[in-house]
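Chemist: There's a structure below that I have some questions on.
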Amino acid sequence: MEAVMRLSSEKGVVIFSKSSCCMCYTVKVLFHELGVNPIVHEIDQNPEGKDIEKALARLGCRPSVPAVFIGGTLVGSTNEVMSLHLSGSSCPWSSLTES
């Protein structure tokens with residue numbers, strides 16, 4: 001769990017993903033279209049990926065990927081991210097767009 005907390009604080013937006021996951025791809029594209037350049041950790045390409053996936057599940061992220069952290073705080077998976085985006089409310093990543 002310590003590795004997840006350290007990695008999730010590397011940048012404003014951090015996504016834990018799997019390279020073959022279509023929902024992960026969707027979330028990554030959404031952030032890029034919004035002008036946010038997140039750090040993406042492809043856990044299926046990381047030797048510690050299974051441990052990271054277990055830690056994400058312990059944090060309450062189900063399914064474990066995509067897991068989106070903003071400012072080091074777990075926002076959630078696809079459902080939570082898309083709900084925030086579609087609600088039209090002030091999204092927590094709106095201040096993270098690049099000029």
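Residue numbers start at 1 in each chain; chains themselves are named A, B, ... in the order of the structure tokens; ligands are numbered from 1 in the order shown.
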Excluding same-chain residues fewer than 2 positions from A:Ser8, what lies within 9 Å of it counting only C-alpha atoms, as an MDAnalysis selection string?

Modeler: chainID A and resid 3:6 10:16 39 68:74

Chemist: Keeping only C-alpha atoms, take the residues you just selected and write them out as a JSON list (two decimals), in the first residue's frame.

Modeler:
```
[["chain", "number", "residue", "atom", "x", "y", "z"],
["A", 3, "ALA", "CA", 4.01, 2.09, -2.98],
["A", 4, "VAL", "CA", 0.53, 3.07, -4.17],
["A", 5, "MET", "CA", 0.41, 6.08, -1.87],
["A", 6, "ARG", "CA", 3.90, 7.18, -2.97],
["A", 10, "GLU", "CA", 3.80, 12.00, -7.99],
["A", 11, "LYS", "CA", 1.69, 14.49, -9.90],
["A", 12, "GLY", "CA", -1.71, 16.18, -9.75],
["A", 13, "VAL", "CA", -3.45, 13.35, -11.62],
["A", 14, "VAL", "CA", -2.23, 9.75, -11.45],
["A", 15, "ILE", "CA", -3.95, 6.82, -13.14],
["A", 16, "PHE", "CA", -3.27, 3.17, -12.39],
["A", 39, "ILE", "CA", 1.06, 10.10, -14.97],
["A", 68, "VAL", "CA", -7.67, 7.69, -10.55],
["A", 69, "PHE", "CA", -5.94, 9.77, -7.90],
["A", 70, "ILE", "CA", -6.11, 13.55, -7.87],
["A", 71, "GLY", "CA", -3.82, 15.39, -5.51],
["A", 72, "GLY", "CA", -2.92, 12.07, -3.88],
["A", 73, "THR", "CA", -6.57, 11.28, -3.08],
["A", 74, "LEU", "CA", -8.43, 8.37, -4.61]]
```

Chemist: What residues in stretch 3-99 of chain A get the DSSP label strand (DSSP E or B)? Please answer as a PyMOL selection string.

Modeler: chain A and resi 13-17+39-42+67-70+73-76

Chemist: How many Å separate atom CA of A:Glu48 from atom CA of A:Arg62?

Modeler: 18.7 Å

Chemist: Which residues, written as JSON, numbers by chain, have at least one atom at most 9 Å from A:Glu53, with only C-alpha atoms counted and residues fewer than 2 positions away on the same chain left out?

Modeler: {"A": [16, 43, 48, 49, 50, 51, 55, 56, 57, 58, 64, 65]}

Chemist: Go through A:Leu84, A:Ala67, A:Cys61, A:Val36 and flag the residue nearest A:Cys24, using only C-alpha atoms for the distances.

Modeler: A:Ala67

Chemist: Rank nothing, just name the residue among A:Ser77, A:Glu2, A:Gly88, A:Asp44 nearest to A:Ser20, using only C-alpha atoms.

Modeler: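 Once distances to A:Ser20 are computed over only C-alpha atoms, the minimum belongs to A:Asp44.
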
Chemist: What is the distance, in Å and to one decimal place, between atom CA of A:Met82 and atom CA of A:Glu33?

Modeler: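 About the pair atom CA of A:Met82 and atom CA of A:Glu33: they are 13.3 Å apart.
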
Chemist: Assign secondary structure with DSSP using the backbone only, and return the residues of chain A in helix (DSSP H, G or I) as a PyMOL selection string.

Modeler: chain A and resi 2-8+22-33+43-45+49-58+78-87+94-96

Chemist: Enter the distance from atom CA of A:Met23 to atom CA of A:Glu80, in Å, rounded to one decimal.

Modeler: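 Pair atom CA of A:Met23 / atom CA of A:Glu80 returns 12.2 Å.
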
Chemist: Counting only C-alpha atoms, which residue out of A:Leu59, A:Val40, A:Leu30, A:Ile52 sits closest to A:Thr78?

Modeler: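 So, comparing all the options, the nearest one is A:Leu30.
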
Chemist: Considering only C-alpha atoms, state which residue in the set A:Val81, A:Pro38, A:Leu86, A:Pro66 is at the smallest distance from A:Tyr25.

Modeler: A:Pro66
